[in-house]
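Engineer: Dropping the structure in here first, questions after.
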Amino acid sequence: MSAKKGLFRLFLALVPLISVCWAARAFQPDKGVKFEKPVNISRNKNRLETQTAIAVDNNGIAHIAWAGYYYRKGAPDGLTSDIFYSNNRTGSFCSPQKIPVSAAWYSMDPAIAVDSKGSAHIVFCRRMSTYSTFGHELYYASNAKGSFDAPSLIVDGDADPNEPISFAPLDPLIHIGPDNQPYVSFKSWSYRGVSGHYLIIMNKSTGKWSVPQLALDPGEQSIEGYDSRIDGDGYFHIVFATSGRDTNRISYTHNRRGDLIKPVVVVQNKKDSPSVYAPSIAVDSLGNAHVIYHDDTGPVWSPHLYYANNISGKFSTPLPMPHSESLHFANIDVDGHDFVHVTYKLKPLMEDGLLVYTNNYTGKFVETAQKMTGIWWFHGSRFFTVGPSFSIHYGFWDFMGDVYDSDCEVFYLKGTCERPPVPINPGQLAVTALSANKIRLKWQDRSKNESGFEVQRKKSVGGKWTKIAGTQANVQTYQDQGLDARTFYKYRVRAFNSVGNSLYSNTAQGKTK
C-alpha cells in the first residue's frame, strides 16, 4: 500500500468529514483573559500527531501526551503508532519522549495525570488496527523514577471470553488520588465473558493494580460517552450519556458510600427528542459535581451546551451556556477556589473559528473569544485543564497550515486570567486536643479582605470533608466540640468574601483524648 493511501485511510478513520453552516454573530469577549501564542510541541513532519491529553502540576508545568502515527515495515497496513510525551519544566517543551510497546499494533487514546511530585502517569490503549473493536489492551507508564519505565499491561483485552473476567478496554481516563496513586476508568464491550456496554474502574492505591471493578452496567442502554474525576477524598465521580429504545439521557454516579450509587438522571429526553451527549465533569473541593453536556436542540450537528451542578444536594435545572450554538469539544474544570471554567470550540468542526473560554468569577459565565487560524480538531481524553495562579492550559492537535509551520501536529496554548479579588488563604493551621470530645484550632489570618473563615473537618479514616463552621472576619481560632473519644480528625480552613473562596490552609490532624 502506498504511503499516501495509508495516510488517507487513517485520516478517514480518525476524522468524520462533517460540514455545517454557521451564522456570524456579535460576540463580546471578556478582556480579563490573555492568551499566548500557540507553541508547536511535536514538530515532526514524518508523523501524524493526534489525540492529545494534558495535565498541569502544582507548579504550573504542563505535561502533554499524544499518539504519533508513522509508517513501519511489517505493521498493519504499513502503519503503526506510539505514545509520546513532553513537558515545559525548563521553560520550553522538551524533545518528545517515545513510550513504545513492542509488536506492530496501534497505541491510541492516551490519558495523563500528574502527581504531587510532578511525575506523569499515562494510560493508553493498544489495538490491532484503527478499525478493530477487538484485541484491545490497556497499558500504563510513569516517569516517577526519573524516566519512563517500559509500559506495563494492566488490562488484557485478548483474554479468553470463557475466563472469569474479560475486557475490551476503550476510552481510558486516569486521575491521581489524595494518596498520590493513579486511579483509572474505562469503557468495556465485555465483562465476565458477556458482551455489552460497561464502565470499569481500578486503582493502584495498595501499590499494585486492583482487580478491575464493574462500575456501571446500563443494561439495554448503550453508553455513548462518559467522563470521570477523583475527588479530594479519593472517590470516583462519573457522568455518562446513554441511549436506548425510548430515551437518551445524561446520568451521574459516585462511590462515596462504598459501591457506586444508583445513577441520578441529570437530563432525559425521549428518543424522538434532541439527543444529549458528550458529557464532561468537574468536582469541587467539597465533592460537588459540575456537569456540561451537548444538546442537539438545533439542526443536525448544531448542538448547544448546557450546565448543571448538585451543590444543593440534587442537580439544578440545566442552563444553556451563552453563545454555544454549533459547538464542539467542550471540557469543564474547577480550580482551587471552586470557580468553574468551561471551554469549547465554536463554528463547524472542519473550519477555523473561535476558541471560547468562560468562567463564573462574577457569579455568571462570561465568555472570552480567541480567534484561531487552523481547523482546531481538539481530540483526546482531555485537552484543557486549569493550573495554579489563575492560568488555563490547552493541549491540542491540528492542521495549522503555514501559520505555524505544521501539517498535523501537537500544540500548547496558555491563557492567564485576571485574578479576582478573593482572599489569601490562611496559614499555619494547628490543632490541639482539649478533652475526649473537644479540639481547638488556631490559624494565621493572612488576608485583609475576607468576610470570614470556613472550617472543614473529616475523620482520618474513611471520612469526607464537611463544612462544620463559619466565623467572622479576623477570627483566628475555633473550638470543635461533640467529637468521639480517642479518634483522629483532620481539619482545614479557608477564607471567603462576596467574590469567592481562598485556597485552603494546610491540613492539620488531632486525636481526641
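Chain labels A, B, ... are given in the sequence in which chains occur in the C-alpha cells; within each chain residues are numbered consecutively from 1, and ligands are likewise numbered from 1 in the order shown.
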Compile the contact shell of A:Val342 as a ChimeraX atom specification: residues with an atom at most 9 Å away, counting only C-alpha atoms, same-chain residues fewer than 3 positions apart removed.

Structural biologist: /A:292,330-334,356-359,365,384

Engineer: Identify, on the basis of only C-alpha atoms, every residue whose closest approach to A:Ser102 does not exceed 10 Å; exclude the query and any residue fewer than 2 positions from it along the same chain; express the result as a list in words.

Structural biologist: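 In the requested format, the answer is Asp82, Pro100, Ala104, Trp105, Ala150 and Pro151 of chain A.
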
Engineer: Using N, CA, C and O atoms, can you export the residues from the last selection as a PDB file, in the first residue's frame?

Structural biologist:
```
ATOM      1  N   ASP A  82       2.989   5.064  18.314  1.00  0.00           N
ATOM      2  CA  ASP A  82       3.456   5.027  19.693  1.00  0.00           C
ATOM      3  C   ASP A  82       2.896   6.227  20.439  1.00  0.00           C
ATOM      4  O   ASP A  82       2.347   7.152  19.839  1.00  0.00           O
ATOM      5  N   PRO A 100       7.269   3.422  23.721  1.00  0.00           N
ATOM      6  CA  PRO A 100       6.919   2.379  22.757  1.00  0.00           C
ATOM      7  C   PRO A 100       6.486   1.081  23.416  1.00  0.00           C
ATOM      8  O   PRO A 100       6.849   0.784  24.557  1.00  0.00           O
ATOM      9  N   ALA A 104       3.550  -4.784  16.339  1.00  0.00           N
ATOM     10  CA  ALA A 104       3.089  -3.780  15.383  1.00  0.00           C
ATOM     11  C   ALA A 104       1.595  -3.533  15.514  1.00  0.00           C
ATOM     12  O   ALA A 104       0.818  -3.804  14.610  1.00  0.00           O
ATOM     13  N   TRP A 105       1.178  -3.041  16.640  1.00  0.00           N
ATOM     14  CA  TRP A 105      -0.197  -2.630  16.849  1.00  0.00           C
ATOM     15  C   TRP A 105      -0.248  -1.118  16.919  1.00  0.00           C
ATOM     16  O   TRP A 105       0.759  -0.415  16.842  1.00  0.00           O
ATOM     17  N   ALA A 150       9.362   0.706  30.972  1.00  0.00           N
ATOM     18  CA  ALA A 150       8.627   0.023  29.912  1.00  0.00           C
ATOM     19  C   ALA A 150       7.158  -0.047  30.312  1.00  0.00           C
ATOM     20  O   ALA A 150       6.826  -0.381  31.454  1.00  0.00           O
ATOM     21  N   PRO A 151       6.242   0.298  29.422  1.00  0.00           N
ATOM     22  CA  PRO A 151       4.815   0.268  29.770  1.00  0.00           C
ATOM     23  C   PRO A 151       4.391  -1.108  30.261  1.00  0.00           C
ATOM     24  O   PRO A 151       4.834  -2.135  29.734  1.00  0.00           O
TER      25      PRO A 151
END
```

Engineer: Do you know which residues are at most 12 Å from A:Gln51 counting only C-alpha atoms, after dropping those on the same chain fewer than 4 positions away, and could you put them as number ranges by chain?

Structural biologist: A: 14-15, 64-69, 81-85, 107-112, 124-125, 171, 377-383, 395-398, 408-411

Engineer: Need the shell around A:Pro172: protein/DNA/RNA residues with any atom at most 12 Å away, counting only C-alpha atoms. Skip same-chain ones fewer than 5 positions apart. Format as a ChimeraX atom specification?

Structural biologist: /A:53,108-113,122-126,136-140,154-155,183-188,199-202,225-229,380-382

Engineer: What is the distance between atom CA of A:Leu214 and atom CA of A:Gly234, in Å to one decimal?

Structural biologist: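 Those two atoms sit 17.3 Å apart.
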
Engineer: I need the residue nearest A:Val493 from this list: A:His328, A:Lys511, A:Arg457, A:Lys98. Use only C-alpha atoms for the distance.

Structural biologist: A:Arg457

Engineer: Of the candidates A:His237, A:Arg43, A:Lys117, A:Lys37, which shows the shortest atom-to-atom distance to A:Asn59, using only C-alpha atoms?

Structural biologist: A:Lys117

Engineer: If you count only C-alpha atoms, which residues fall within 7 Å of A:Val265, apart from same-chain ones fewer than 4 positions away, as a PyMOL selection string?

Structural biologist: chain A and resi 250-252

Engineer: Tell me, in Å to one decimal, how far atom CA of A:Pro38 is from atom CA of A:His341.

Structural biologist: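 Computed distance, atom CA of A:Pro38 to atom CA of A:His341, equals 19.8 Å.
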
Engineer: Just the residues within 6 Å of stretch 439-454 of chain A, please, counting only C-alpha atoms, with nothing from its chain fewer than 3 positions along; format it as a list in words.

Structural biologist: Pro423, Ile424, Pro426, Gly427, Gln428, Leu429, Ala430, Val431, Thr432, Ala433, Leu434, Ala469, Gly470, Thr471, Gln472, Ala473, Gln476, Thr477, Tyr478, Gln479, Asp480, Val493, Arg494, Ala495, Phe496 and Asn497 of chain A

Engineer: When DSSP is applied to the backbone of this structure, which of stretch 194-424 of chain A are assigned strand (DSSP E or B)? Write them out as a PyMOL selection string.

Structural biologist: chain A and resi 194-203+213-216+222-230+236-243+247-254+264-270+276-283+289-295+304-309+319-320+327-334+340-346+354-359+366-371+382+384-387+391-398+409-417

Engineer: For a quick check of understanding, using only C-alpha atoms, which of A:Ile41, A:Ile223, A:Ala282, A:Val475 has the smallest distance to A:Asp335?

Structural biologist: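 Of the candidates, the smallest distance to A:Asp335 is held by A:Ala282.
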
Engineer: With distances taken over only C-alpha atoms, which of A:Thr368, A:Asn88, A:Thr80, A:Asn309 is nearest to A:Val39?

Structural biologist: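 Of A:Thr368, A:Asn88, A:Thr80, A:Asn309, the one nearest A:Val39, counting only C-alpha atoms, is A:Asn88.
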
Engineer: Work out how far apart atom CA of A:Ser152 and atom CA of A:Trp209 are and give it in Å to one decimal.

Structural biologist: 10.6 Å

Engineer: Counting only C-alpha atoms, which residue out of A:Gln370, A:Ser116, A:Asn501, A:Asn44 sits closest to A:Val422?

Structural biologist: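 Once distances to A:Val422 are computed over only C-alpha atoms, the minimum belongs to A:Asn501.
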